[in-house]
Amino acid sequence: MISLQDIHVTFGAGTPLETCAVRGIDLTINQGEFVTVIGSNGSGKSTLLNTLSGEVIPSSGKVLIGDDDVTNRPTAKRAKLIARVFQDPLAGSCENLTIEENMALAWHRGKSLGFGSALRSKNRQIFAKELERLGLGLENRLKDKMGLLSGGQRQAISLLMSALQPAKILLLDEHTAALDPKTAAFVLDLTCQIIDENKLTALMVTHSMQQALYVGTRTIMLHEGKIIFDVSGDERKGLTIVDLLELFKQNQQGEILSDDSLLLG
Amino acid sequence: MSTIAALGALESGLVFALVAFGVFLSFRILEFPDLTVDGSFPLGAAVCAIMIVSGVNPWLATLVAFIAGMMAGMITAFLNTKLGILNLLASILTMIALYSINLRIMGKPNVALLGETTVLTPTESWGIPYYVATPLVFSVVILVAYILLLKFLNSRLGLAMRATGANARMARSQGISTDWMIMLGMAVSNGLVALAGSLFAQSQGSADITMGVGVIVIGLASVIGGEAIITPKTMLLALLACIVGSILYRFAIAFALNADFIGLKAQDLNLVTAILVTLAIVAPKFKANLSSRFGKGA
């Protein structure tokens, strides 16, 4: 179980540029839940995700993963508990390292490092087998540099990498946003497969309302750093984008939604 | 070029291969432009020389020089990672500080090692000339360093260090403490450079406060020159390129200074170095340009 308790995040506190990105979020994610997070630009989606990953330390509040209070733990120290796929396909892997070296890094995520060889033939077989499922022929290119691959291929590998070690939660940060529609659909499909197979608990930030409703088991919407609604189960089934917009308007008490088009995208 | 001059070039090339390893670790693996080496090279020489004249075992003195270099590297890494000083500036600060520290260690601008027992002294009884024996001993040192470094870079720890330089954010998300990796990498890098300094002092017969000037440029020249000749596809080749680049650099210098028809003299050394480095950086781009123009693919 992952829980965020009364999280506040303020950037540039005490300066003229002070911004409150998150203003009091309480969120409990149960084991096996797949939460999709939606919200317009500046609503605090990415800050929420970065608070979980450790890249942002909240000004107040608590972050619990299982029984561990990780609130002030830096990213590297909580990586054992968290798998992550970045928005930028180039951010999730090292272009100067080979495919197998990148996968070896993920294979050792959160484990103690030593002088033992990073790559063994047993690992290579596992990596090749994982890559085979992509159907992109990458299993024959283990020794190619990551930089030679396309954004879609790199994102697909990042997903495989995220599942090489067990994690308490998988964080997906608009991970299909930088891809063309066909590749995005492929990566999203793969995401659902991997989450399903490994029975992962996941949190996916997305810009697309359709995606937010189409996948996952629960959807939350953020606005100005707060959760304005949270639907799951039967209530969520059969919900359409139009319903979502309606819900948004109700919750905003008449405030005009300025970027419908963006949310619909 | 005479045989003695050629073997002398080989000897320097081998010593500076250690510097090239160090520069490769900082510049290439960690992407950390580190000028500390200009201070850690004479630091190694100073520590080693002063211990040898005090009667300490030369091997122990060399080991202590290595450790002193590691500490210098860790100071630069500390200034950068913990105090948030820009990497290049952090290294310049350590380099400047080391100038004073080296003077303090030696107590004077130079320490002569003539007649002292160094790691090379046992070779006198081998019955071969010193100009053959010294490159032989250094070859063994380089071979050992090469094997150990190669093993390290292909280990889990080494891979984590490479990821730190290549994509720090990704490295952290995989549980790698990037600050510690920089600390470790800079320590090993400057340890190797100080080791080179201590060996150089022992083969030249003195440690001098000015011997560090331009070491970073020579190291870079070796790394970049080596990469121009051997494409560093794997760590095995990348480290090999450091050795080849370092030795070739020495031969290029020796050739330039010995060729009377060019008219260069010893005082032109730094100018020649700068030109060689520039050529080594520009040459691969020029090559790529040419091949793309003629449609052979870059």
# chains A, B, ... in the order shown; residues from 1 in each chain; ligands from 1
>>> interface_residues(of="chain B", to="chain A", cutoff="9 Å", atoms="only C-alpha atoms", output="ChimeraX atom specification")
/B:151-152,154-160,162-163,166-167,169-178
>>> select_by_dssp(residues="segment 43-261 of chain A", states="helix (DSSP H, G or I)", output="PyMOL selection string")
chain A and resi 45-53+75-78+99-107+121-132+138-140+146-148+151-162+181-197+209-214+233-236+241-251+260-261
>>> select_by_dssp(residues="segment 83-257 of chain B", states="strand (DSSP E)", output="ChimeraX atom specification")
/B:110-112,206-208
>>> residues_around(residues="Arg141 of chain A", least_positions_apart="5", cutoff="9 Å", atoms="only C-alpha atoms", output="ChimeraX atom specification")
/A:98-100,128
>>> atom_distance(atom1="atom CA of Asn258 of chain B", atom2="atom CA of Ala5 of chain B")
9.1 Å
>>> atom_distance(atom1="atom CA of Val205 of chain A", atom2="atom CA of Val231 of chain A")
15.1 Å
>>> closest_residue(among="B:Gly191, B:Pro122, B:Gly73, B:Gly107", to="Phe32 of chain B", atoms="only C-alpha atoms")
B:Gly73
>>> closest_residue(among="A:Thr47, A:Met103, A:Arg154, A:Met146", to="Glu130 of chain A", atoms="only C-alpha atoms")
A:Met103
>>> residues_around(residues="Asp34 of chain B", least_positions_apart="5", cutoff="7 Å", atoms="only C-alpha atoms", output="MDAnalysis selection string")
chainID B and resid 26:27 88 91
>>> write_last_selection(atoms="all heavy atoms", output="tab-separated table (two decimals), in the first residue's frame")
chain	number	residue	atom	x	y	z
B	26	SER	N	37.62	10.44	-15.70
B	26	SER	CA	36.92	11.68	-15.35
B	26	SER	C	36.18	12.27	-16.56
B	26	SER	O	34.97	12.49	-16.51
B	26	SER	CB	37.88	12.70	-14.73
B	26	SER	OG	38.98	12.93	-15.58
B	27	PHE	N	36.88	12.49	-17.66
B	27	PHE	CA	36.27	13.17	-18.80
B	27	PHE	C	35.26	12.30	-19.55
B	27	PHE	O	34.20	12.78	-19.94
B	27	PHE	CB	37.35	13.61	-19.80
B	27	PHE	CG	37.91	14.97	-19.50
B	27	PHE	CD1	38.78	15.15	-18.44
B	27	PHE	CD2	37.58	16.07	-20.28
B	27	PHE	CE1	39.32	16.39	-18.16
B	27	PHE	CE2	38.10	17.32	-20.00
B	27	PHE	CZ	38.98	17.48	-18.94
B	88	LEU	N	34.12	22.02	-13.09
B	88	LEU	CA	35.39	22.56	-13.59
B	88	LEU	C	36.05	23.47	-12.55
B	88	LEU	O	37.25	23.37	-12.28
B	88	LEU	CB	35.13	23.34	-14.89
B	88	LEU	CG	36.35	23.87	-15.62
B	88	LEU	CD1	37.21	22.73	-16.15
B	88	LEU	CD2	35.94	24.79	-16.75
B	91	SER	N	37.53	21.64	-9.58
B	91	SER	CA	38.82	21.01	-9.87
B	91	SER	C	39.94	22.06	-9.92
B	91	SER	O	41.06	21.80	-9.50
B	91	SER	CB	38.76	20.22	-11.17
B	91	SER	OG	38.76	21.06	-12.29
>>> closest_residue(among="A:Leu190, A:Leu52, A:Met209, A:Leu148", to="Ile241 of chain A", atoms="only C-alpha atoms")
A:Met209
